[in-house]
Amino acid sequence: MSETNPAAASEVAAPHRYTAAMAVDIEARWQDFWDAEGTYAAPNPKGDLAGDPAIVARPKKFIMDMFPYPSGAGLHVGHPLGYIATDVFARFQRMTGHNVLHTLGFDAFGLPAEQYAVQTGTHPRVSTESNIQNMKSQLRRLGLGHDRRRSFATIDPEYYKWTQWIFLQIFNSWYDTEADRARPIAELIAQFETGERAVPGADGTTRAWQELSGAERADVLGEYRLAYASDAPVNWCPGLGTVLANEEVTADGRSERGNFPVFKAKLRQWNMRITSYADRLLDDLTELDWPEAIKLQQRNWIGRSEGARVDFPVDGENITVFTTRPDTLFGATYMVLAPEHPLVDKFTPAAWPQSTHDVWTGGHATPTEAVAAYRAQAGAKSDVERQAEAKDKTGVFTGAFATNPVNGERLPVFIADYVLMGYGTGAIMAVPAGDQRDFDFARAFELPITCIVEPTDGRGTDTSTWENAFGSYDAKIINSSNDEVSLDGLPVAEAKARITEWLARKGIGQGTVNFRLRDWLFSRQRYWGEPFPIVYDEDGTARALPESMLPLELPEVEDYSPRTFDPDDANTSPETPLSRNADWVNVTLDLGDGPKKYRRETNTMPNWAGSCWYELRYLDPHNSEQLVDPEIERYWMGPREGQPHGGVDLYVGGAEHAVLHLLYARFWSKVLFDLGHISSAEPFHKLYNQGMIQAFVYRDSRGIAVPAAEVEERDGEYYYAGEKVSRLLGKMGKSLKNAVTPDEICAEYGADTLRLYEMAMGPLDVSRPWDTRAVVGQFRLLQRLWRNIVDEATGEITVTGAEPDEETLRALHKAIDGVRHDLDGLRFNTAIAKVTELNNHLTKSRGSLPRAIAEPLVLLVAPLAPHIAEELWRLLGHTESVVHQDFPVADPAYVVDESVTCVVQIRGKVKARLEVSPSISDEELEKVALADEKVVAALEGAGIRKVIVRAPKLVNIVPA
RNA sequence: GCCGGGUUGGCGGAAUGGCAGACGCUGAUGUCUCAAACACAUCUGUCCGAAAGGACGUGCGGGUUCGAAUCCCGCACCCGGCACCA
């Protein structure tokens, strides 16, 4: 503790001064009081949390944080920034006539908890629960007004019972594209049974539902279910020993967690058909009050692009490509398929066509050999390597030729890893003149380049002289006609429309919309996650457990560690920890058709599952019959004026969840909405991203971080143990030795000071560096506030019954007005500045502060520093908590000043200041301004060309 | 490369077309004190000046306007996101 810390100052002279010791005492007492009284309990309209109908009748506010992941490291001061902000806002809303739901749960399944458990040798449940307890006590110390009755952790079986239940809802539904919503799978089966919907068979044939075996029916339904298992190329991360969703793989092809290489591997995994919702996920963004940056990230992630599908015949098959530029069809000179494209095997001939170019064969004796070799080579590449080599195009000729449907030209068909199986159809027509990638490939493989747009940059139409592709949208199309259609001379948009129409008429293509978004890979080879409520019968058909068997609890096991591998070894495959427990895996169950033997699914759900719907469980956390009671859900989440899709009123959290949690949660909401379980089609109406609290990192000459708390500053240089160190702004954390914990700040100044400091540092959405030395400023504010109301020697309040003077009333009401607007707009920093200004003003009347000023002052402070406000409110003689008092309302008569300062400018430069009435007229003000001696002097007798008057604040004179 | 956000005193920041620097930190001086700390008071953008006062000033260059930190155009730098997506 530093000697200059006023919070630690001697108490001898002033036994009732607001010190750290007093703050700690006050805060502990009020925290106990709030817990005992249930001060923050928000009443539901019905059920076990029902309460005062008068409060239920108020407008509701559901104010939420992104719930924390309880790590072993504990909190640093950066973590609670958002929690404090939502708490201040929730308190303000409570004081302005709202029924406020504000609570906090814990997101506790997932990789980090499991890794921590493996490292420490404790079971993840043990370590996670102790972390939660630790975090709960750290958060309680901050005085957050949470309704603790509504808190839970995602690892509670009573919670994940419903996570599993939602999985079953998704598993047991399909997307009806005509109705544009999800429907129960039973309704699809009914359509198949009655013949209302044809049962699709292989190659476009149809079958009779009644003639199918159970396994065949399961296969058919698997093509429709919104949760389905499939064999597909997935992101396999040997270093973590699990597969990952696309959203969990970084741009450079590594795992977001652990930074290990990720490989493509074909594995049977569970997926969620989020792609069915691509359009709605995109369209509904419009109505949400979210930061534009986040909306944009979601739009980019969904990646809608309009174009056409076109069929290219090859050897009795059709290669279907997706293109956004069907207008360039005449420029296609070859085709490329993704190496793993299923058609490749069908048309690859036994021998190379005559006189096949050596560059094309890759030196292999047969096409089959060449294809196999290229596939092996491409498969062994991690995404990191693939992207690093992006400029050097590789590939191999398949030996087959396709026909360009617009001009009958023979196009050699290649496979190359620059075409991705997961996007579009996994096949492209290559137009080297217009696309840089195709151009690079064409040059590498000596393929022709046909010019189909008139270059506008003077390069000419001889493509042999080109150094790069020419893809301008503004150019004119040339060389693009056949007997039936001509695009020559048309601008791009028109050419697209004309050729698409022609393709459709000929039945060889159609306009289509393609999305970048892919289905969500939903299974992980982990122990610490929700088990799937799925078993397999002897045919290997997946069967859903009935609701009565939920929750399917994680078995207590000895060995929960994941099987990990050499991070660079692609020739590995995942092993699920749960599969090691034969007793648990092999069960005899009665699923309605008598006891039978089954094998349990041994994958677990990804850690996102629990956070996909937790806002709903806060509403009705103890309901054992339903996920959430519909009436309670409608009360807190339902659509209303300005919120057509309903949702949480304010959701605060970090921007890093832009396309992970926030997209998944929206998807689950929409499914539950479609199935009629909830009334809100969007989970979060208003989203706000708080900035990060940064901290200085000090490094010695070897680049190793040194303890920031022990660094000394001398003349702008920094020294640690006598050695000069460098300073950079970075993240706060243990590894960088610059973590400051809320516990130490609470001990040194109290939680109210910490809350004020975090809110006063700057705008909530901006990152800013922590500065422990500056915390004292907010402590001084509270100390002055205390001293303005309480006698430091006696502890008695010093307020008087006197009428406040006019000037003080104006200061008070201006502060009330400003603070109200600032709190409402989440501008906590300027709200605190206004409180400070008022409080500083009141130090003049210390010892005789009128009660009519002191009381609203305490109420103004209450959302920001609730403990000291409760204490002062009690000292002022009130017996009820300050939490439910009405926030002061400004009297407009006092919000305007008695006189205002008007500036008089000449050519925009201030030359004089006048004290005038706020109601002065333009004419009067102009007269006064022109008569002012300083103005007359500054004008030096020059004539006046123009006078701009903005009464009562400004006059600007333009001399002739 | 593409997209988004930003750049204001010694520091965090305020002002979103009308007094640049609210509020806080830091620093200086004074009052109180035996002394210090705390508290209180005054000052604290730069330059010139003893002062009064004046000039300059919101990343850089231009523009619009009676008036620009704020709007427009161009540039530099910083931060974030996306990227072989056909």
# chains A, B, ... in the order shown; residues from 1 in each chain; ligands from 1
>>> residues_around(residues="Asp590 of chain A", least_positions_apart="6", cutoff="12 Å", atoms="only C-alpha atoms (C1' of nucleotides)", output="PyMOL selection string")
chain A and resi 535+537+543-546+548-549+596-598
>>> residues_around(residues="Pro124 of chain A", least_positions_apart="5", cutoff="10 Å", atoms="only C-alpha atoms (C1' of nucleotides)", output="PyMOL selection string")
chain A and resi 108-110+112-118+129-130+527-528+560-561
>>> residues_around(residues="C72 of chain B", least_positions_apart="3", cutoff="12 Å", atoms="only C-alpha atoms (C1' of nucleotides)", output="ChimeraX atom specification")
/B:62-65,68
>>> write_last_selection(atoms="all heavy atoms", output="compact mmCIF listing (two decimals), in the first residue's frame")
# COMPACT_ATOMS: atom_id res chain seq x y z
P G B 62 -2.15 22.85 -47.42
OP1 G B 62 -1.52 23.94 -48.20
OP2 G B 62 -2.52 23.08 -46.00
O5' G B 62 -3.46 22.32 -48.16
C5' G B 62 -3.90 22.98 -49.33
C4' G B 62 -4.90 22.16 -50.08
O4' G B 62 -5.00 20.82 -49.54
C3' G B 62 -6.35 22.65 -50.00
O3' G B 62 -6.57 23.79 -50.80
C2' G B 62 -7.10 21.40 -50.47
O2' G B 62 -7.00 21.21 -51.85
C1' G B 62 -6.33 20.32 -49.72
N9 G B 62 -6.94 20.07 -48.41
C8 G B 62 -6.41 20.34 -47.17
N7 G B 62 -7.22 20.03 -46.18
C5 G B 62 -8.35 19.53 -46.82
C6 G B 62 -9.57 19.04 -46.27
O6 G B 62 -9.90 18.94 -45.09
N1 G B 62 -10.46 18.64 -47.27
C2 G B 62 -10.20 18.70 -48.61
N2 G B 62 -11.18 18.28 -49.42
N3 G B 62 -9.08 19.16 -49.14
C4 G B 62 -8.20 19.55 -48.19
P G B 63 -7.49 24.96 -50.20
OP1 G B 63 -7.41 26.10 -51.13
OP2 G B 63 -7.15 25.14 -48.77
O5' G B 63 -8.95 24.33 -50.28
C5' G B 63 -9.50 24.03 -51.56
C4' G B 63 -10.74 23.20 -51.42
O4' G B 63 -10.51 22.08 -50.53
C3' G B 63 -11.94 23.89 -50.77
O3' G B 63 -12.59 24.76 -51.67
C2' G B 63 -12.80 22.68 -50.41
O2' G B 63 -13.46 22.14 -51.54
C1' G B 63 -11.73 21.70 -49.92
N9 G B 63 -11.60 21.73 -48.46
C8 G B 63 -10.53 22.19 -47.73
N7 G B 63 -10.71 22.06 -46.44
C5 G B 63 -11.97 21.48 -46.31
C6 G B 63 -12.70 21.10 -45.16
O6 G B 63 -12.38 21.20 -43.98
N1 G B 63 -13.94 20.56 -45.49
C2 G B 63 -14.40 20.39 -46.78
N2 G B 63 -15.62 19.86 -46.91
N3 G B 63 -13.74 20.74 -47.86
C4 G B 63 -12.53 21.27 -47.56
P U B 64 -13.36 26.04 -51.13
OP1 U B 64 -13.78 26.83 -52.30
OP2 U B 64 -12.56 26.66 -50.04
O5' U B 64 -14.65 25.39 -50.47
C5' U B 64 -15.65 24.77 -51.28
C4' U B 64 -16.74 24.21 -50.39
O4' U B 64 -16.19 23.21 -49.50
C3' U B 64 -17.37 25.22 -49.45
O3' U B 64 -18.35 26.01 -50.10
C2' U B 64 -17.98 24.30 -48.39
O2' U B 64 -19.17 23.71 -48.83
C1' U B 64 -16.89 23.23 -48.27
N1 U B 64 -15.94 23.53 -47.17
C2 U B 64 -16.33 23.21 -45.89
O2 U B 64 -17.41 22.69 -45.63
N3 U B 64 -15.42 23.51 -44.90
C4 U B 64 -14.18 24.09 -45.07
O4 U B 64 -13.47 24.30 -44.08
C5 U B 64 -13.86 24.41 -46.42
C6 U B 64 -14.72 24.13 -47.41
P U B 65 -18.34 27.60 -49.90
OP1 U B 65 -19.42 28.14 -50.74
OP2 U B 65 -16.95 28.12 -50.04
O5' U B 65 -18.74 27.77 -48.37
C5' U B 65 -20.03 27.35 -47.93
C4' U B 65 -20.10 27.44 -46.42
O4' U B 65 -19.14 26.52 -45.84
C3' U B 65 -19.68 28.78 -45.84
O3' U B 65 -20.73 29.73 -45.93
C2' U B 65 -19.36 28.39 -44.40
O2' U B 65 -20.54 28.23 -43.65
C1' U B 65 -18.69 27.02 -44.60
N1 U B 65 -17.21 27.13 -44.62
C2 U B 65 -16.54 27.02 -43.41
O2 U B 65 -17.12 26.82 -42.36
N3 U B 65 -15.19 27.16 -43.46
C4 U B 65 -14.43 27.39 -44.59
O4 U B 65 -13.21 27.50 -44.49
C5 U B 65 -15.18 27.50 -45.80
C6 U B 65 -16.52 27.37 -45.77
P A B 68 -13.51 27.08 -39.73
OP1 A B 68 -12.11 27.01 -39.26
OP2 A B 68 -13.82 27.02 -41.17
O5' A B 68 -14.40 25.97 -39.01
C5' A B 68 -14.31 25.74 -37.61
C4' A B 68 -14.10 24.27 -37.34
O4' A B 68 -15.12 23.52 -38.04
C3' A B 68 -12.77 23.73 -37.84
O3' A B 68 -12.36 22.68 -36.98
C2' A B 68 -13.11 23.16 -39.20
O2' A B 68 -12.24 22.15 -39.61
C1' A B 68 -14.51 22.61 -38.93
N9 A B 68 -15.34 22.49 -40.12
C8 A B 68 -15.15 23.05 -41.36
N7 A B 68 -16.08 22.75 -42.23
C5 A B 68 -16.96 21.94 -41.51
C6 A B 68 -18.16 21.31 -41.85
N6 A B 68 -18.72 21.38 -43.05
N1 A B 68 -18.77 20.58 -40.90
C2 A B 68 -18.21 20.50 -39.70
N3 A B 68 -17.10 21.07 -39.25
C4 A B 68 -16.52 21.77 -40.21
>>> interface_residues(of="chain B", to="chain A", cutoff="8 Å", atoms="only C-alpha atoms (C1' of nucleotides)", output="JSON, numbers by chain")
{"B": [4, 12, 13, 14, 18, 19, 22, 23, 24, 25, 37, 38, 66, 67, 81, 82, 83, 84, 85, 86]}
>>> write_last_selection(atoms="N, CA, C and O atoms (P, O5', C5', C4', C3', O3' and C1' of nucleotides)", output="CSV table (one decimal), in the first residue's frame")
chain,number,residue,atom,x,y,z
B,4,G,P,-15.7,-0.2,-45.5
B,4,G,O5',-15.6,-0.4,-44.0
B,4,G,C5',-16.7,-0.9,-43.2
B,4,G,C4',-16.3,-1.2,-41.8
B,4,G,C3',-15.7,-0.1,-41.0
B,4,G,O3',-16.8,0.8,-40.5
B,4,G,C1',-14.4,-1.9,-40.6
B,12,G,P,-3.0,8.7,-23.5
B,12,G,O5',-4.2,8.4,-22.5
B,12,G,C5',-4.3,7.1,-21.9
B,12,G,C4',-5.6,7.1,-21.1
B,12,G,C3',-6.8,7.5,-21.8
B,12,G,O3',-7.3,6.5,-22.6
B,12,G,C1',-6.8,8.5,-19.7
B,13,G,P,-8.2,6.9,-23.9
B,13,G,O5',-9.5,7.4,-23.3
B,13,G,C5',-10.3,8.4,-23.9
B,13,G,C4',-11.0,9.2,-22.9
B,13,G,C3',-11.9,10.3,-23.4
B,13,G,O3',-13.2,9.8,-23.4
B,13,G,C1',-10.2,11.3,-22.0
B,14,A,P,-14.3,10.4,-24.4
B,14,A,O5',-14.5,11.9,-24.0
B,14,A,C5',-15.2,12.2,-22.8
B,14,A,C4',-15.5,13.7,-22.7
B,14,A,C3',-16.2,14.3,-23.9
B,14,A,O3',-17.6,14.0,-23.9
B,14,A,C1',-14.5,15.7,-23.1
B,18,G,P,-21.0,22.2,-32.8
B,18,G,O5',-20.6,23.7,-32.4
B,18,G,C5',-19.3,24.2,-32.8
B,18,G,C4',-19.2,25.7,-32.3
B,18,G,C3',-19.9,26.0,-31.1
B,18,G,O3',-19.1,26.9,-30.3
B,18,G,C1',-20.7,27.4,-32.8
B,19,C,P,-17.9,26.3,-29.3
B,19,C,O5',-17.5,27.6,-28.7
B,19,C,C5',-16.8,28.6,-29.5
B,19,C,C4',-15.7,29.2,-28.6
B,19,C,C3',-14.8,28.2,-28.0
B,19,C,O3',-13.5,28.7,-27.9
B,19,C,C1',-15.8,29.3,-26.2
B,22,A,P,-10.4,21.0,-19.2
B,22,A,O5',-11.8,20.8,-18.4
B,22,A,C5',-12.9,21.7,-18.7
B,22,A,C4',-14.2,21.0,-18.5
B,22,A,C3',-14.3,20.1,-17.3
B,22,A,O3',-14.6,20.7,-16.1
B,22,A,C1',-15.1,19.0,-19.3
B,23,C,P,-13.7,20.6,-14.8
B,23,C,O5',-13.7,19.0,-14.6
B,23,C,C5',-14.9,18.4,-14.1
B,23,C,C4',-14.7,16.9,-14.1
B,23,C,C3',-13.4,16.4,-13.5
B,23,C,O3',-13.4,16.4,-12.1
B,23,C,C1',-13.8,15.3,-15.5
B,24,G,P,-12.0,16.7,-11.3
B,24,G,O5',-11.2,15.4,-11.6
B,24,G,C5',-11.6,14.1,-11.0
B,24,G,C4',-10.7,13.0,-11.6
B,24,G,C3',-9.3,13.1,-11.4
B,24,G,O3',-8.9,12.8,-10.1
B,24,G,C1',-9.7,12.5,-13.6
B,25,C,P,-7.5,13.5,-9.5
B,25,C,O5',-6.4,12.7,-10.3
B,25,C,C5',-6.2,11.3,-10.1
B,25,C,C4',-5.1,10.8,-11.0
B,25,C,C3',-3.8,11.5,-10.9
B,25,C,O3',-3.1,10.9,-9.8
B,25,C,C1',-4.3,11.4,-13.1
B,37,A,P,3.8,16.3,2.3
B,37,A,O5',2.8,15.1,2.6
B,37,A,C5',3.1,13.7,2.3
B,37,A,C4',2.1,12.8,3.0
B,37,A,C3',0.6,13.1,2.6
B,37,A,O3',0.3,12.6,1.4
B,37,A,C1',0.8,12.8,5.0
B,38,C,P,-0.7,13.4,0.4
B,38,C,O5',-2.1,13.4,1.2
B,38,C,C5',-2.8,12.2,1.5
B,38,C,C4',-3.9,12.5,2.4
B,38,C,C3',-4.9,13.5,2.0
B,38,C,O3',-5.8,13.0,1.1
B,38,C,C1',-4.3,13.9,4.3
B,66,C,P,-20.4,31.2,-46.3
B,66,C,O5',-19.6,31.8,-45.1
B,66,C,C5',-19.0,33.1,-45.1
B,66,C,C4',-18.6,33.5,-43.7
B,66,C,C3',-17.9,32.4,-42.9
B,66,C,O3',-16.5,32.4,-43.2
B,66,C,C1',-19.7,33.4,-41.6
B,67,G,P,-15.8,31.0,-43.3
B,67,G,O5',-16.0,30.4,-41.9
B,67,G,C5',-15.2,31.0,-40.8
B,67,G,C4',-15.6,30.3,-39.5
B,67,G,C3',-15.4,28.8,-39.5
B,67,G,O3',-14.1,28.5,-39.2
B,67,G,C1',-17.5,29.4,-38.6
B,81,G,P,-8.6,-9.8,-35.0
B,81,G,O5',-9.7,-9.8,-36.1
B,81,G,C5',-11.1,-10.0,-35.8
B,81,G,C4',-11.9,-9.8,-37.0
B,81,G,C3',-11.6,-10.8,-38.2
B,81,G,O3',-12.2,-12.0,-38.0
B,81,G,C1',-11.8,-8.6,-39.0
B,82,C,P,-11.5,-13.3,-38.6
B,82,C,O5',-11.7,-13.1,-40.2
B,82,C,C5',-13.0,-13.3,-40.7
B,82,C,C4',-12.9,-12.9,-42.2
B,82,C,C3',-12.0,-13.7,-43.1
B,82,C,O3',-12.5,-15.0,-43.4
B,82,C,C1',-11.7,-11.4,-43.6
B,83,A,P,-11.4,-16.2,-43.5
B,83,A,O5',-10.7,-15.9,-44.8
B,83,A,C5',-11.4,-16.0,-46.0
B,83,A,C4',-10.6,-15.3,-47.1
B,83,A,C3',-9.3,-16.0,-47.5
B,83,A,O3',-9.5,-17.2,-48.2
B,83,A,C1',-8.9,-13.7,-47.4
B,84,C,P,-8.4,-18.3,-48.4
B,84,C,O5',-8.0,-18.3,-49.9
B,84,C,C5',-7.8,-17.1,-50.6
B,84,C,C4',-8.0,-17.4,-52.1
B,84,C,C3',-9.2,-18.2,-52.5
B,84,C,O3',-9.8,-17.7,-53.7
B,84,C,C1',-7.3,-19.3,-53.3
B,85,C,P,-10.8,-16.4,-53.5
B,85,C,O5',-12.1,-17.2,-53.2
B,85,C,C5',-12.9,-17.8,-54.2
B,85,C,C4',-14.3,-17.8,-53.8
B,85,C,C3',-14.7,-16.5,-53.0
B,85,C,O3',-15.7,-15.8,-53.6
B,85,C,C1',-15.1,-18.5,-51.6
B,86,A,P,-16.8,-15.7,-54.4
B,86,A,O5',-16.3,-16.0,-55.8
B,86,A,C5',-17.1,-16.6,-56.8
B,86,A,C4',-16.3,-17.3,-57.8
B,86,A,C3',-17.1,-18.2,-58.7
B,86,A,O3',-17.8,-17.5,-59.8
B,86,A,C1',-15.1,-19.3,-58.0
>>> residues_around(residues="segment 62-69 of chain A", least_positions_apart="4", cutoff="8 Å", atoms="only C-alpha atoms (C1' of nucleotides)", output="list of chain:residue names")
A:Gly82, A:Tyr83, A:Thr86, A:Ala90, A:Val100, A:Leu101, A:His102, A:Thr103, A:Leu104, A:Gly105, A:Phe106, A:Asp107, A:Ala108, A:Glu615, A:Trp636, A:Met637, A:Val648, A:Asp649, A:Leu650, A:Tyr651, A:Val652, A:Gly653, A:Gly654
>>> residues_around(residues="segment 155-166 of chain A", least_positions_apart="3", cutoff="9 Å", atoms="only C-alpha atoms (C1' of nucleotides)", output="JSON, numbers by chain")
{"A": [106, 107, 108, 109, 125, 152, 169, 170, 171, 528, 529, 530, 531, 532, 533, 547, 550, 551, 552, 553, 554, 609, 610, 612, 613, 614, 617, 621, 622, 624, 626, 627, 668, 672]}
>>> residues_around(residues="A15 of chain B", least_positions_apart="5", cutoff="10 Å", atoms="only C-alpha atoms (C1' of nucleotides)", output="ChimeraX atom specification")
/B:20-22,69-70
>>> write_last_selection(atoms="C-alpha atoms (C1' of nucleotides)", output="tab-separated table (two decimals), in the first residue's frame")
chain	number	residue	atom	x	y	z
B	20	A	C1'	-10.95	22.98	-28.04
B	21	G	C1'	-8.97	20.39	-23.71
B	22	A	C1'	-15.12	19.03	-19.26
B	69	A	C1'	-11.58	18.23	-33.83
B	70	U	C1'	-16.58	17.54	-36.01
>>> residues_around(residues="segment 489-504 of chain A", least_positions_apart="3", cutoff="12 Å", atoms="only C-alpha atoms (C1' of nucleotides)", output="PyMOL selection string")
chain A and resi 306-312+323-330+404-406+452-454+471-486+507-512
>>> select_by_dssp(residues="segment 646-754 of chain A", states="helix (DSSP H, G or I)", output="VMD selection string")
chain A and resid 655 to 657 661 to 674 708 to 710 734 to 736 742 to 748 751 to 754
>>> select_by_dssp(residues="segment 316-422 of chain A", states="strand (DSSP E)", output="PyMOL selection string")
chain A and resi 317-323+334-337+396-403+410-415
>>> atom_distance(atom1="atom CA of Ser464 of chain A", atom2="atom CA of Asp440 of chain A")
12.8 Å
